[in-house]
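Okay, input.txt now, which holds compact mmCIF, C-alpha atoms:
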# COMPACT_ATOMS: atom_id res chain seq x y z
CA MET Q 1 169.22 -174.64 -170.15
CA GLY Q 2 170.95 -174.93 -166.82
CA VAL Q 3 170.39 -176.64 -163.51
CA VAL Q 4 169.64 -174.55 -160.48
CA PHE Q 5 169.55 -175.78 -156.92
CA ILE Q 6 169.58 -174.31 -153.49
CA SER Q 7 170.60 -175.62 -150.10
CA ILE Q 8 168.37 -174.49 -147.27
CA ALA Q 9 169.50 -175.21 -143.75
CA GLY Q 10 166.93 -175.25 -140.99
CA ALA Q 11 167.22 -175.93 -137.30
CA ASP Q 12 166.19 -179.55 -137.68
CA GLU Q 13 165.96 -179.97 -141.40
CA GLY Q 14 169.55 -180.19 -142.66
CA SER Q 15 170.39 -179.28 -146.27
CA TYR Q 16 168.40 -180.18 -149.36
CA THR Q 17 168.91 -180.09 -153.09
CA ASN Q 18 165.73 -178.97 -154.81
CA THR Q 19 166.52 -178.86 -158.52
CA ILE Q 20 164.19 -177.07 -160.91
CA MET Q 21 164.24 -176.63 -164.68
CA ARG Q 22 165.47 -173.35 -166.13
CA PRO Q 23 164.43 -173.34 -169.78
CA ASP Q 24 165.40 -170.47 -172.04
CA ARG Q 25 162.53 -168.53 -173.62
CA GLU Q 26 162.46 -170.63 -176.79
CA THR Q 27 162.40 -173.92 -174.88
CA ARG Q 28 159.68 -172.76 -172.52
CA LEU Q 29 157.53 -171.68 -175.46
CA ARG Q 30 158.12 -175.06 -177.12
CA TRP Q 31 156.83 -176.83 -174.01
CA ILE Q 32 153.78 -174.56 -173.88
CA ARG Q 33 153.05 -175.16 -177.57
CA SER Q 34 153.27 -178.91 -177.03
CA TYR Q 35 150.60 -178.58 -174.34
CA GLU Q 36 148.40 -176.43 -176.60
CA ARG Q 37 148.75 -178.74 -179.60
CA ALA Q 38 148.10 -181.97 -177.71
CA PRO Q 39 144.58 -183.42 -178.04
CA LEU Q 40 142.25 -182.88 -175.11
CA VAL Q 41 141.76 -185.77 -172.74
CA ARG Q 42 138.49 -187.66 -173.01
CA MET Q 43 136.02 -186.72 -170.31
CA ASP Q 44 133.97 -189.60 -168.86
CA GLU Q 45 130.39 -188.42 -169.25
CA LYS Q 46 129.05 -191.04 -166.84
CA LEU Q 47 131.43 -189.83 -164.14
CA LYS Q 48 130.03 -186.34 -164.52
CA LEU Q 49 126.67 -187.66 -163.40
CA ARG Q 50 127.77 -189.84 -160.50
CA MET Q 51 130.74 -187.99 -159.00
CA PRO Q 52 129.77 -186.42 -155.68
CA LEU Q 53 130.18 -182.68 -155.29
CA ARG Q 54 132.62 -183.24 -152.41
CA GLY Q 55 134.89 -186.16 -151.67
CA SER Q 56 138.41 -187.52 -151.81
CA LEU Q 57 140.46 -189.83 -153.98
CA SER Q 58 143.97 -191.26 -153.89
CA LEU Q 59 145.79 -193.18 -156.63
CA LEU Q 60 149.00 -193.40 -154.61
CA GLY Q 61 148.33 -197.04 -153.74
CA TYR Q 62 148.65 -197.93 -157.44
CA LEU Q 63 152.20 -196.58 -157.65
CA LYS Q 64 155.13 -198.64 -156.43
CA TYR Q 65 157.82 -196.30 -155.15
CA THR Q 66 160.26 -195.79 -152.30
CA PRO Q 67 159.89 -192.16 -151.13
CA ALA Q 68 163.53 -191.54 -150.23
CA GLU Q 69 164.68 -193.02 -153.56
CA ARG Q 70 162.28 -190.90 -155.58
CA ASP Q 71 164.87 -188.12 -155.70
CA GLN Q 72 166.08 -186.43 -158.87
CA ALA Q 73 168.74 -184.64 -156.75
CA TYR Q 74 170.97 -182.54 -159.07
CA CYS Q 75 169.21 -183.75 -162.22
CA GLU Q 76 166.54 -181.52 -163.77
CA ASN Q 77 164.48 -184.39 -165.14
CA CYS Q 78 161.40 -183.97 -162.94
CA TRP Q 79 159.29 -184.38 -166.09
CA ALA Q 80 160.64 -187.93 -166.54
CA TRP Q 81 159.80 -188.86 -162.94
CA VAL Q 82 156.26 -187.55 -163.35
CA GLY Q 83 155.63 -189.16 -166.74
CA THR Q 84 157.04 -192.46 -165.52
CA GLY Q 85 154.72 -192.20 -162.51
CA VAL Q 86 151.70 -191.72 -164.77
CA MET Q 87 152.79 -194.81 -166.69
CA GLY Q 88 153.36 -196.84 -163.52
CA ILE Q 89 149.84 -196.17 -162.25
CA ALA Q 90 148.40 -196.97 -165.69
CA LEU Q 91 150.34 -200.27 -165.72
CA ASP Q 92 148.74 -201.32 -162.44
CA ILE Q 93 145.25 -200.12 -163.39
CA GLU Q 94 145.26 -201.60 -166.90
CA GLU Q 95 147.27 -204.78 -166.44
CA ALA Q 96 147.28 -205.43 -162.65
CA VAL Q 97 151.09 -205.20 -162.75
CA PHE Q 98 152.35 -203.45 -159.62
CA ASP Q 99 155.96 -202.67 -160.44
CA ARG Q 100 158.33 -199.73 -160.16
CA LEU Q 101 159.34 -198.42 -163.58
CA SER Q 102 162.86 -197.24 -164.33
CA VAL Q 103 163.60 -193.53 -164.68
CA GLN Q 104 167.24 -194.33 -165.39
CA PHE Q 105 166.13 -195.97 -168.66
CA ILE Q 106 165.02 -192.70 -170.26
CA SER Q 107 167.91 -190.80 -168.67
CA SER Q 108 170.49 -193.13 -170.22
CA CYS Q 109 168.81 -194.14 -173.48
CA ASN Q 110 167.10 -190.97 -174.73
CA MET Q 111 169.63 -189.90 -177.35
CA ALA Q 112 167.57 -186.82 -178.24
CA MET Q 113 168.44 -185.13 -174.93
CA HIS Q 114 171.18 -184.86 -172.33
CA CYS Q 115 170.60 -187.26 -169.43
CA CYS Q 116 169.64 -184.49 -166.98
CA GLU Q 117 168.11 -181.97 -169.36
CA GLY Q 118 164.80 -180.34 -168.58
CA GLY Q 119 161.82 -181.45 -170.62
CA TRP Q 120 158.08 -181.89 -170.86
CA LEU Q 121 155.57 -184.72 -171.13
CA SER Q 122 155.86 -184.68 -174.94
CA ASP Q 123 159.57 -185.49 -174.62
CA LEU Q 124 158.74 -188.58 -172.58
CA THR Q 125 156.12 -189.81 -175.05
CA SER Q 126 158.48 -189.31 -178.00
CA PHE Q 127 161.03 -191.56 -176.30
CA TYR Q 128 158.60 -194.32 -175.32
CA ALA Q 129 156.77 -194.26 -178.64
CA SER Q 130 160.14 -194.92 -180.28
CA GLU Q 131 161.33 -197.58 -177.80
CA GLY Q 132 158.00 -199.36 -177.53
CA TYR Q 133 158.42 -200.57 -173.96
CA ALA Q 134 159.14 -199.56 -170.37
CA ILE Q 135 161.37 -201.54 -168.01
CA PRO Q 136 161.31 -202.30 -164.28
CA TRP Q 137 163.50 -200.38 -161.86
CA SER Q 138 164.79 -203.77 -160.67
CA ASN Q 139 166.43 -204.62 -164.01
CA SER Q 140 170.21 -204.67 -164.02
CA ASN Q 141 171.58 -201.07 -163.98
CA ALA Q 142 168.03 -199.66 -164.25
CA SER Q 143 167.83 -198.14 -160.75
CA TRP Q 144 168.31 -194.36 -160.47
CA GLN Q 145 172.02 -193.46 -160.61
CA ASP Q 146 172.23 -190.01 -162.27
CA GLY Q 147 171.37 -187.98 -159.18
CA ASP Q 148 174.72 -186.19 -159.25
CA GLY Q 149 173.71 -184.56 -162.55
CA ASN Q 150 176.07 -186.67 -164.64
CA CYS Q 151 175.39 -189.40 -167.18
CA ASN Q 152 176.69 -192.27 -165.07
CA VAL Q 153 175.09 -195.24 -166.86
CA LEU Q 154 175.55 -196.10 -170.52
CA CYS Q 155 172.39 -197.21 -172.28
CA ASP Q 156 173.85 -200.50 -173.45
CA VAL Q 157 174.56 -201.74 -169.91
CA ILE Q 158 170.90 -201.47 -168.86
CA SER Q 159 169.05 -204.77 -169.09
CA VAL Q 160 165.82 -204.37 -171.05
CA SER Q 161 164.48 -207.79 -170.09
CA PRO Q 162 161.93 -208.13 -168.67
CA ASN Q 163 159.98 -205.23 -170.10
CA TYR Q 164 156.43 -204.01 -170.56
CA SER Q 165 155.38 -203.49 -174.17
CA ILE Q 166 153.65 -200.22 -175.00
CA ALA Q 167 151.08 -200.42 -177.79
CA SER Q 168 150.56 -196.65 -177.92
CA ILE Q 169 151.39 -193.56 -175.88
CA THR Q 170 150.22 -189.97 -176.42
CA PRO Q 171 150.21 -186.84 -174.24
CA VAL Q 172 146.75 -185.34 -173.75
CA SER Q 173 145.89 -182.01 -172.16
CA ILE Q 174 143.30 -181.27 -169.50
CA LEU Q 175 141.37 -178.11 -170.26
CA THR Q 176 141.85 -175.68 -167.38
CA HIS Q 177 142.51 -172.34 -169.12
CA GLY Q 178 139.67 -170.00 -169.95
CA VAL Q 179 136.92 -172.19 -168.52
CA GLY Q 180 136.65 -170.86 -164.99
CA GLN Q 181 137.73 -172.36 -161.71
CA ALA Q 182 134.78 -174.72 -161.18
CA GLN Q 183 135.09 -176.29 -164.63
CA ALA Q 184 138.87 -176.60 -164.37
CA ILE Q 185 138.49 -178.46 -161.07
CA ALA Q 186 135.75 -180.69 -162.50
CA ASN Q 187 137.94 -181.59 -165.50
CA ILE Q 188 140.94 -182.57 -163.36
CA LYS Q 189 138.74 -184.56 -160.96
CA ASN Q 190 137.14 -186.38 -163.88
CA VAL Q 191 140.54 -187.57 -165.11
CA LEU Q 192 141.65 -188.66 -161.63
CA ASN Q 193 138.38 -190.55 -161.16
CA GLN Q 194 139.16 -192.42 -164.36
CA ASN Q 195 142.09 -193.78 -162.29
CA ARG Q 196 144.56 -191.77 -164.34
CA ALA Q 197 147.32 -189.81 -162.64
CA VAL Q 198 148.01 -186.25 -163.79
CA PHE Q 199 151.19 -184.50 -164.91
CA PHE Q 200 151.20 -181.04 -163.30
CA GLY Q 201 153.82 -178.65 -164.67
CA PHE Q 202 154.21 -175.14 -163.30
CA PHE Q 203 156.36 -172.07 -163.75
CA MET Q 204 157.23 -169.31 -161.32
CA GLY Q 205 159.15 -166.29 -162.54
CA THR Q 206 161.00 -164.87 -159.56
CA LEU Q 207 163.70 -166.05 -157.20
CA GLU Q 208 161.55 -164.99 -154.24
CA ASP Q 209 158.76 -167.35 -155.28
CA TRP Q 210 161.15 -170.29 -155.60
CA ILE Q 211 162.76 -169.56 -152.25
CA ASP Q 212 159.28 -169.52 -150.70
CA PHE Q 213 158.35 -172.80 -152.37
CA ARG Q 214 161.56 -174.55 -151.31
CA SER Q 215 161.11 -173.30 -147.78
CA PHE Q 216 157.53 -174.63 -147.85
CA TRP Q 217 158.79 -178.01 -149.06
CA ASN Q 218 161.65 -178.28 -146.60
CA THR Q 219 160.09 -176.91 -143.42
CA LYS Q 220 156.36 -177.64 -143.58
CA THR Q 221 154.52 -180.89 -142.93
CA GLU Q 222 152.62 -182.89 -145.53
CA ASP Q 223 149.29 -181.40 -144.49
CA ALA Q 224 150.38 -177.84 -145.33
CA VAL Q 225 148.82 -176.37 -148.49
CA TRP Q 226 150.67 -174.40 -151.16
CA ASP Q 227 148.90 -171.56 -152.99
CA PHE Q 228 150.16 -170.48 -156.42
CA ASP Q 229 148.09 -167.29 -156.56
CA PRO Q 230 150.81 -165.00 -155.11
CA SER Q 231 153.02 -165.86 -158.11
CA CYS Q 232 150.44 -164.70 -160.67
CA GLY Q 233 151.07 -161.53 -162.67
CA LYS Q 234 154.77 -161.32 -161.89
CA PRO Q 235 157.47 -160.99 -164.55
CA TYR Q 236 159.34 -164.05 -165.70
CA THR Q 237 162.90 -163.14 -164.72
CA SER Q 238 166.26 -164.80 -165.31
CA ALA Q 239 165.76 -166.54 -161.95
CA GLY Q 240 162.46 -168.05 -163.09
CA GLY Q 241 162.01 -171.73 -163.71
CA GLY Q 242 159.67 -174.67 -163.95
CA HIS Q 243 158.98 -177.92 -162.18
CA ALA Q 244 156.65 -180.90 -162.67
CA VAL Q 245 155.02 -183.11 -160.05
CA LEU Q 246 152.58 -186.01 -160.07
CA CYS Q 247 148.98 -185.32 -159.04
CA VAL Q 248 147.71 -188.52 -157.43
CA GLY Q 249 144.49 -187.37 -155.80
CA TYR Q 250 142.45 -184.74 -154.02
CA ASN Q 251 140.35 -183.99 -150.99
CA ASP Q 252 137.62 -181.38 -150.94
CA ASN Q 253 135.48 -182.73 -148.10
CA ASP Q 254 136.15 -179.44 -146.32
CA PRO Q 255 135.23 -176.65 -148.76
CA ASN Q 256 137.51 -174.31 -146.82
CA ASN Q 257 140.49 -176.62 -147.20
CA ALA Q 258 140.22 -178.28 -150.61
CA TYR Q 259 143.48 -179.47 -152.13
CA TRP Q 260 145.22 -181.60 -154.74
CA VAL Q 261 147.71 -184.25 -153.56
CA MET Q 262 151.08 -183.99 -155.31
CA LEU Q 263 153.96 -186.47 -155.29
CA ASN Q 264 157.30 -184.72 -155.74
CA SER Q 265 160.66 -186.07 -156.95
CA TRP Q 266 162.75 -184.30 -154.32
CA GLY Q 267 163.07 -187.29 -152.00
CA THR Q 268 161.84 -186.85 -148.45
CA THR Q 269 162.33 -184.50 -145.52
CA ALA Q 270 161.88 -185.08 -141.82
CA SER Q 271 158.33 -183.71 -142.15
CA ARG Q 272 157.56 -185.28 -145.53
CA PRO Q 273 158.15 -189.04 -145.16
CA ASN Q 274 155.98 -189.80 -148.21
CA GLY Q 275 157.48 -187.15 -150.47
CA ILE Q 276 154.12 -185.44 -151.03
CA PHE Q 277 152.63 -181.97 -150.67
CA ARG Q 278 149.25 -180.33 -151.13
CA VAL Q 279 148.19 -177.62 -153.58
CA ASP Q 280 145.23 -175.35 -152.95
CA MET Q 281 142.37 -176.49 -155.18
CA ASP Q 282 140.83 -173.02 -155.24
CA VAL Q 283 143.68 -171.42 -157.19
CA ASP Q 284 143.45 -169.21 -160.26
CA TYR Q 285 143.81 -171.76 -163.07
CA ASP Q 286 144.42 -168.89 -165.47
CA CYS Q 287 147.40 -167.77 -163.38
CA ALA Q 288 149.91 -166.21 -165.76
CA ASP Q 289 153.08 -164.14 -165.71
CA SER Q 290 153.16 -160.47 -166.64
CA THR Q 291 153.38 -161.33 -170.37
CA GLY Q 292 150.19 -163.39 -170.24
CA ALA Q 293 151.91 -166.80 -170.50
CA TYR Q 294 150.09 -169.32 -168.30
CA ASN Q 295 151.94 -170.69 -165.27
CA LEU Q 296 149.95 -173.89 -164.58
CA TYR Q 297 149.59 -176.88 -166.94
CA TRP Q 298 147.71 -180.14 -166.42
CA GLN Q 299 148.13 -183.18 -168.67
CA THR Q 300 148.01 -186.97 -168.63
CA LEU Q 301 148.83 -189.87 -170.92
CA ASP Q 302 146.76 -192.00 -173.24
CA VAL Q 303 148.92 -195.10 -172.79
CA ASP Q 304 148.06 -198.68 -173.66
CA PHE Q 305 150.27 -201.56 -172.62
CA TYR Q 306 150.40 -204.83 -174.48
CA ILE Q 307 151.45 -207.57 -172.08
CA GLU Q 308 151.12 -211.12 -173.28
CA LYS Q 309 150.93 -213.57 -170.41
CA GLU Q 310 153.08 -216.65 -170.29
CA VAL Q 311 151.10 -219.89 -170.13
CA HIS Q 312 152.36 -222.88 -168.13
CA TYR Q 313 150.71 -226.29 -167.78
CA VAL Q 314 150.51 -228.76 -164.89
CA GLU Q 315 149.40 -232.38 -165.28
CA PRO Q 316 150.36 -235.41 -163.12
CA SER Q 317 151.53 -237.60 -166.00
CA GLY Q 318 153.80 -234.91 -167.40
CA SER Q 319 152.23 -234.97 -170.88
CA CYS Q 320 149.87 -231.98 -170.63
CA GLY Q 321 148.23 -232.99 -173.91
CA GLY Q 322 151.36 -231.96 -175.76
CA ASN Q 323 151.33 -228.41 -174.38
CA THR Q 324 154.56 -226.90 -173.09
CA PRO Q 325 156.10 -226.01 -170.75
CA CYS Q 326 154.61 -228.87 -168.75
CA TYR Q 327 155.16 -229.57 -165.05
CA LEU Q 328 154.28 -232.41 -162.71
CA ALA Q 329 153.68 -230.08 -159.73
CA ILE Q 330 151.94 -226.71 -159.41
CA GLN Q 331 154.74 -225.26 -157.26
CA GLU Q 332 157.25 -226.04 -160.01
CA ALA Q 333 155.17 -223.99 -162.44
CA ILE Q 334 154.89 -221.13 -159.95
CA ASN Q 335 158.66 -221.08 -159.47
CA ALA Q 336 159.33 -221.16 -163.22
CA ALA Q 337 156.78 -218.49 -164.14
CA GLY Q 338 157.86 -215.00 -165.09
CA SER Q 339 156.46 -211.75 -163.71
CA ARG Q 340 153.05 -212.30 -165.28
CA ALA Q 341 151.71 -215.73 -166.18
CA THR Q 342 148.71 -218.04 -166.36
CA ILE Q 343 149.13 -221.55 -164.97
CA LYS Q 344 146.62 -224.05 -166.34
CA ILE Q 345 146.19 -227.07 -164.03
CA ALA Q 346 144.57 -230.39 -164.86
CA ASP Q 347 141.70 -231.37 -162.61
CA GLY Q 348 142.17 -233.63 -159.61
CA ARG Q 349 143.77 -233.62 -156.17
CA TYR Q 350 147.23 -232.14 -155.61
CA TYR Q 351 148.68 -232.59 -152.14
CA GLU Q 352 150.62 -229.34 -152.28
CA ASP Q 353 151.02 -226.36 -149.98
CA LEU Q 354 151.65 -223.62 -152.51
CA THR Q 355 153.64 -220.46 -151.80
CA LEU Q 356 154.31 -217.26 -153.73
CA SER Q 357 157.05 -215.06 -152.30
CA SER Q 358 158.06 -212.92 -155.29
CA PRO Q 359 156.29 -209.97 -156.98
CA LYS Q 360 154.62 -212.00 -159.71
CA VAL Q 361 151.08 -211.61 -161.03
CA LEU Q 362 149.74 -215.13 -161.54
CA THR Q 363 146.44 -216.68 -162.51
CA LEU Q 364 145.93 -220.27 -161.36
CA GLN Q 365 143.30 -221.93 -163.55
CA GLY Q 366 142.18 -225.29 -162.19
CA GLY Q 367 139.70 -227.80 -163.54
CA TRP Q 368 141.18 -228.44 -167.01
CA ASP Q 369 140.81 -231.81 -168.66
CA ARG Q 370 144.01 -233.72 -169.46
CA ALA Q 371 144.10 -232.36 -173.03
CA PHE Q 372 143.59 -228.77 -171.79
CA THR Q 373 140.67 -228.16 -174.12
CA THR Q 374 137.81 -227.72 -171.64
CA ARG Q 375 137.19 -227.03 -167.97
CA THR Q 376 134.42 -229.12 -166.45
CA SER Q 377 135.73 -229.90 -162.98
CA ASN Q 378 137.88 -228.45 -160.18
CA THR Q 379 141.42 -228.74 -158.93
CA THR Q 380 142.04 -229.24 -155.21
CA ILE Q 381 145.17 -228.25 -153.26
CA ASN Q 382 146.10 -228.16 -149.57
CA SER Q 383 146.82 -224.45 -149.15
CA LEU Q 384 148.13 -221.28 -150.77
CA THR Q 385 150.36 -218.77 -148.94
CA ILE Q 386 151.20 -215.39 -150.54
CA SER Q 387 153.88 -213.19 -148.97
CA SER Q 388 154.55 -211.18 -152.14
CA GLY Q 389 152.83 -210.84 -155.50
CA THR Q 390 149.23 -211.40 -156.61
CA VAL Q 391 147.33 -214.59 -157.38
CA THR Q 392 143.94 -214.96 -159.05
CA VAL Q 393 142.38 -218.43 -158.71
CA GLU Q 394 139.78 -220.08 -160.93
CA TYR Q 395 138.20 -223.51 -160.37
CA LEU Q 396 140.64 -224.05 -157.50
CA MET Q 397 139.55 -225.53 -154.17
CA PHE Q 398 141.33 -225.86 -150.84
CA GLN Q 399 141.08 -228.94 -148.64

Translate this file's structure into structure tokens.
Amino acid sequence: MGVVFISIAGADEGSYTNTIMRPDRETRLRWIRSYERAPLVRMDEKLKLRMPLRGSLSLLGYLKYTPAERDQAYCENCWAWVGTGVMGIALDIEEAVFDRLSVQFISSCNMAMHCCEGGWLSDLTSFYASEGYAIPWSNSNASWQDGDGNCNVLCDVISVSPNYSIASITPVSILTHGVGQAQAIANIKNVLNQNRAVFFGFFMGTLEDWIDFRSFWNTKTEDAVWDFDPSCGKPYTSAGGGHAVLCVGYNDNDPNNAYWVMLNSWGTTASRPNGIFRVDMDVDYDCADSTGAYNLYWQTLDVDFYIEKEVHYVEPSGSCGGNTPCYLAIQEAINAAGSRATIKIADGRYYEDLTLSSPKVLTLQGGWDRAFTTRTSNTTINSLTISSGTVTVEYLMFQ
């Protein structure tokens, strides 16, 4: 496989690197077979009954990302950006952990592939099933650094602490082929309404189609809609290639302008400050090249995180019934807590003005007795100020 990019200069747009994957025939067929062999995603039967015929949905607020930094540049690992995005949204939905996950981790540490090699969702799940955890972008050497297409960061220099344990991870396919347009749309919407982002991989077989798509990306605004139908039925030439993007929502309030919302990994342009674009919802989901190979593929992840919360204790005498770590003041426990923790606080009055100014997810449990066996009362503090992070309070009063 090779990397292909193109620089398009516009009057006000400058030059852009829009890398796609160029798999050989055998590799492309392997990716397609992995889609076909994956189990089908579970459809939520209750959602089928209560989802409105028309509406809109966005999962983008569950994904922590910086648009300009979400740029694969000369690297053809779009699949890793998309899969990591699916995982990031799942982490927030499942565990209330809003954190940016590292793409550099899989680029540097996946010994089965070159750092910038093209791949598919199954390649991502193989890596994470083996590693057993994902890591934050903010870890040492875990930010994206391979944008020049080279392997710039050795695996052993990336800090893997803290990390988010993965109990299980499996690619699952969304049935869109051979079921008709209405059912394909309903299936994708069902998954998105389960608060699960979608991996959308697509192929186009001619240079002309890719030039058109890059021009669309670089010169149009984020409310422009891309239609894949003109690429259907064409031969898959030596200039053909594939790309993957993250489907984070939809809007079909206007039946004449229904679309999917896609987050790309090509950074931003002057007209795309959020790094997103729209895809026509009313496309031919059986779109295929001249050999009959499908062009459009929709998948997601069955991923379960296992995140054990730290537990800290606060009690004025400093004994905490023998539980550790034990603190005299609530603020001390907040400062000492990791990214995700429960702080159990003995009942009584604490003359503290609490602050949280880091991206931690904390639960403050007041009202515990001095042995921390039961909660029968409340804990009272002066105030709580949150400038960053999330706090859940239980049996905690303000006075």

Interatomic distance, atom CA of Ser102 of chain Q to atom CA of Tyr74 of chain Q (Å, one decimal)
17.6 Å

Any idea what the distance is between atom CA of Pro52 of chain Q and atom CA of Gly275 of chain Q?
28.2 Å

Skipping near chain neighbours, those fewer than 2 positions away, what residues fall within 8 Å of segment 57-71 of chain Q using all atoms listed in the file, listed as a VMD selection string?
chain Q and resid 55 73 85 88 to 89 92 to 93 98 to 100 144 147 192 to 193 195 to 197 248 to 251 261 264 to 268 273 to 275

Take atom CA of Tyr395 of chain Q and atom CA of Arg340 of chain Q and report the distance between them in Å, one decimal.
19.2 Å

Nearby residues (all atoms listed in the file) at most 9 Å from Ile188 of chain Q, same-chain spacing under 4 positions excluded, as a VMD selection string
chain Q and resid 174 to 176 183 to 184 192 to 193 198 298 to 299

Got a sec: who's within 10 Å of Cys109 of chain Q, counting all atoms listed in the file, leaving out chain neighbours fewer than 5 positions off, as a list of chain:residue names?
Q:Gln104, Q:His114, Q:Cys115, Q:Phe127, Q:Glu131, Q:Val153, Q:Leu154, Q:Cys155, Q:Asp156, Q:Ile158

Where's the centre, and what are the edge lengths in Å to one decimal, of a box along x, y and z enclosing all listed atoms of segment 243-252 of chain Q padded 8 Å per side, as AutoDock Vina command-line options?
--center_x 148.3 --center_y -183.2 --center_z -156.8 --size_x 37.4 --size_y 26.6 --size_z 27.7

Surrounding residues of Ile345 of chain Q excluding itself and chain neighbours under 3 positions, 8 Å, only C-alpha atoms, as an mmCIF file with C-alpha atoms, keeping the file's coordinate frame:
data_model
loop_
_atom_site.group_PDB
_atom_site.id
_atom_site.type_symbol
_atom_site.label_atom_id
_atom_site.label_comp_id
_atom_site.auth_asym_id
_atom_site.auth_seq_id
_atom_site.Cartn_x
_atom_site.Cartn_y
_atom_site.Cartn_z
ATOM 1 C CA TYR Q 313 150.710 -226.290 -167.780
ATOM 2 C CA VAL Q 314 150.510 -228.760 -164.890
ATOM 3 C CA GLU Q 315 149.400 -232.380 -165.280
ATOM 4 C CA ILE Q 330 151.940 -226.710 -159.410
ATOM 5 C CA LEU Q 364 145.930 -220.270 -161.360
ATOM 6 C CA GLN Q 365 143.300 -221.930 -163.550
ATOM 7 C CA GLY Q 366 142.180 -225.290 -162.190
ATOM 8 C CA GLY Q 367 139.700 -227.800 -163.540
ATOM 9 C CA TRP Q 368 141.180 -228.440 -167.010
ATOM 10 C CA THR Q 379 141.420 -228.740 -158.930
#

Kindly provide, as a VMD selection string, the polymer residues lying within 10 Å of (137.8, -187.0, -174.1), counting only C-alpha atoms and using the coordinates exactly as they appear in the file.
chain Q and resid 39 to 45 172 to 174 191

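Across Q:Ala258, Q:Ala80, Q:Ile276, Q:Ala288, the tightest approach to Phe228 of chain Q is made by Q:Ala288 when counting only C-alpha atoms.
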
Taking into account only C-alpha atoms, which residue in the set Q:Asn253, Q:Gln72, Q:Asn163, Q:Ser271 is nearest to Asp146 of chain Q?
Q:Gln72

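Those residues that approach Ala337 of chain Q to within 10 Å, counting all atoms listed in the file, are Lys309, Glu310, Val311, His312, Gln331, Glu332, Thr342, Ile343, Lys360, Val361 and Leu362 of chain Q; same-chain residues fewer than 5 positions away are not listed.
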
Using all atoms listed in the file, pick whichever of Q:Val303, Q:Met281, Q:Leu296, Q:Val393 has the shortest atom-to-atom distance to Lys189 of chain Q.
Q:Met281

Given all atoms listed in the file as the counted atoms, nearest of Q:Cys287, Q:Ala346, Q:Ile386, Q:Val86 to Ile169 of chain Q
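The closest residue to Ile169 of chain Q is Q:Val86.
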
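Remark: for Gln399 of chain Q, the closest of the candidate residues Q:Phe199, Q:Trp79, Q:Trp137, Q:Tyr350 is Q:Tyr350 (distances computed over all atoms listed in the file).
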
With only C-alpha atoms as the basis for distance, which of Q:Met204, Q:Ala224, Q:Ala167, Q:Val391 is at the shortest distance from Ala293 of chain Q?
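Ranking Q:Met204, Q:Ala224, Q:Ala167, Q:Val391 by distance to Ala293 of chain Q, first place goes to Q:Met204.
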
Nearby residues, (163.1, -167.1, -173.7) file frame, 12 Å, all atoms listed in the file, as a list in words:
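The residues that fall inside the cut-off are Met1, Arg22, Pro23, Asp24, Arg25, Glu26, Thr27, Arg28, Leu29, Arg30, Trp31, Ile32, Gly205, Tyr236, Thr237, Ser238, Gly240, Gly241, Thr291 and Ala293 of chain Q.
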
Could you pull segment 58-68 of chain Q out of the structure I just pasted and write it to a file containing N, CA and C atoms, as a compact mmCIF listing (two decimals), in the first residue's frame?
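Dumped everything to selection-v5.txt:
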# COMPACT_ATOMS: atom_id res chain seq x y z
N SER Q 58 -26.85 14.65 17.73
CA SER Q 58 -25.40 14.88 17.65
C SER Q 58 -24.72 14.27 18.85
N LEU Q 59 -23.69 13.47 18.61
CA LEU Q 59 -22.86 12.89 19.67
C LEU Q 59 -21.54 13.63 19.80
N LEU Q 60 -21.38 14.71 19.06
CA LEU Q 60 -20.09 15.40 19.02
C LEU Q 60 -19.70 15.95 20.39
N GLY Q 61 -20.70 16.30 21.20
CA GLY Q 61 -20.42 16.83 22.53
C GLY Q 61 -19.82 15.81 23.48
N TYR Q 62 -19.89 14.52 23.11
CA TYR Q 62 -19.30 13.47 23.95
C TYR Q 62 -17.84 13.18 23.58
N LEU Q 63 -17.35 13.83 22.55
CA LEU Q 63 -15.98 13.58 22.08
C LEU Q 63 -15.11 14.79 22.38
N LYS Q 64 -14.04 14.56 23.12
CA LYS Q 64 -13.08 15.63 23.40
C LYS Q 64 -12.04 15.65 22.28
N TYR Q 65 -11.99 16.74 21.55
CA TYR Q 65 -11.02 16.84 20.47
C TYR Q 65 -10.76 18.31 20.16
N THR Q 66 -9.60 18.58 19.59
CA THR Q 66 -9.25 19.90 19.10
C THR Q 66 -9.23 19.83 17.58
N PRO Q 67 -10.16 20.49 16.88
CA PRO Q 67 -10.31 20.28 15.44
C PRO Q 67 -9.01 20.39 14.65
N ALA Q 68 -8.24 21.43 14.88
CA ALA Q 68 -7.02 21.62 14.08
C ALA Q 68 -5.99 20.53 14.35
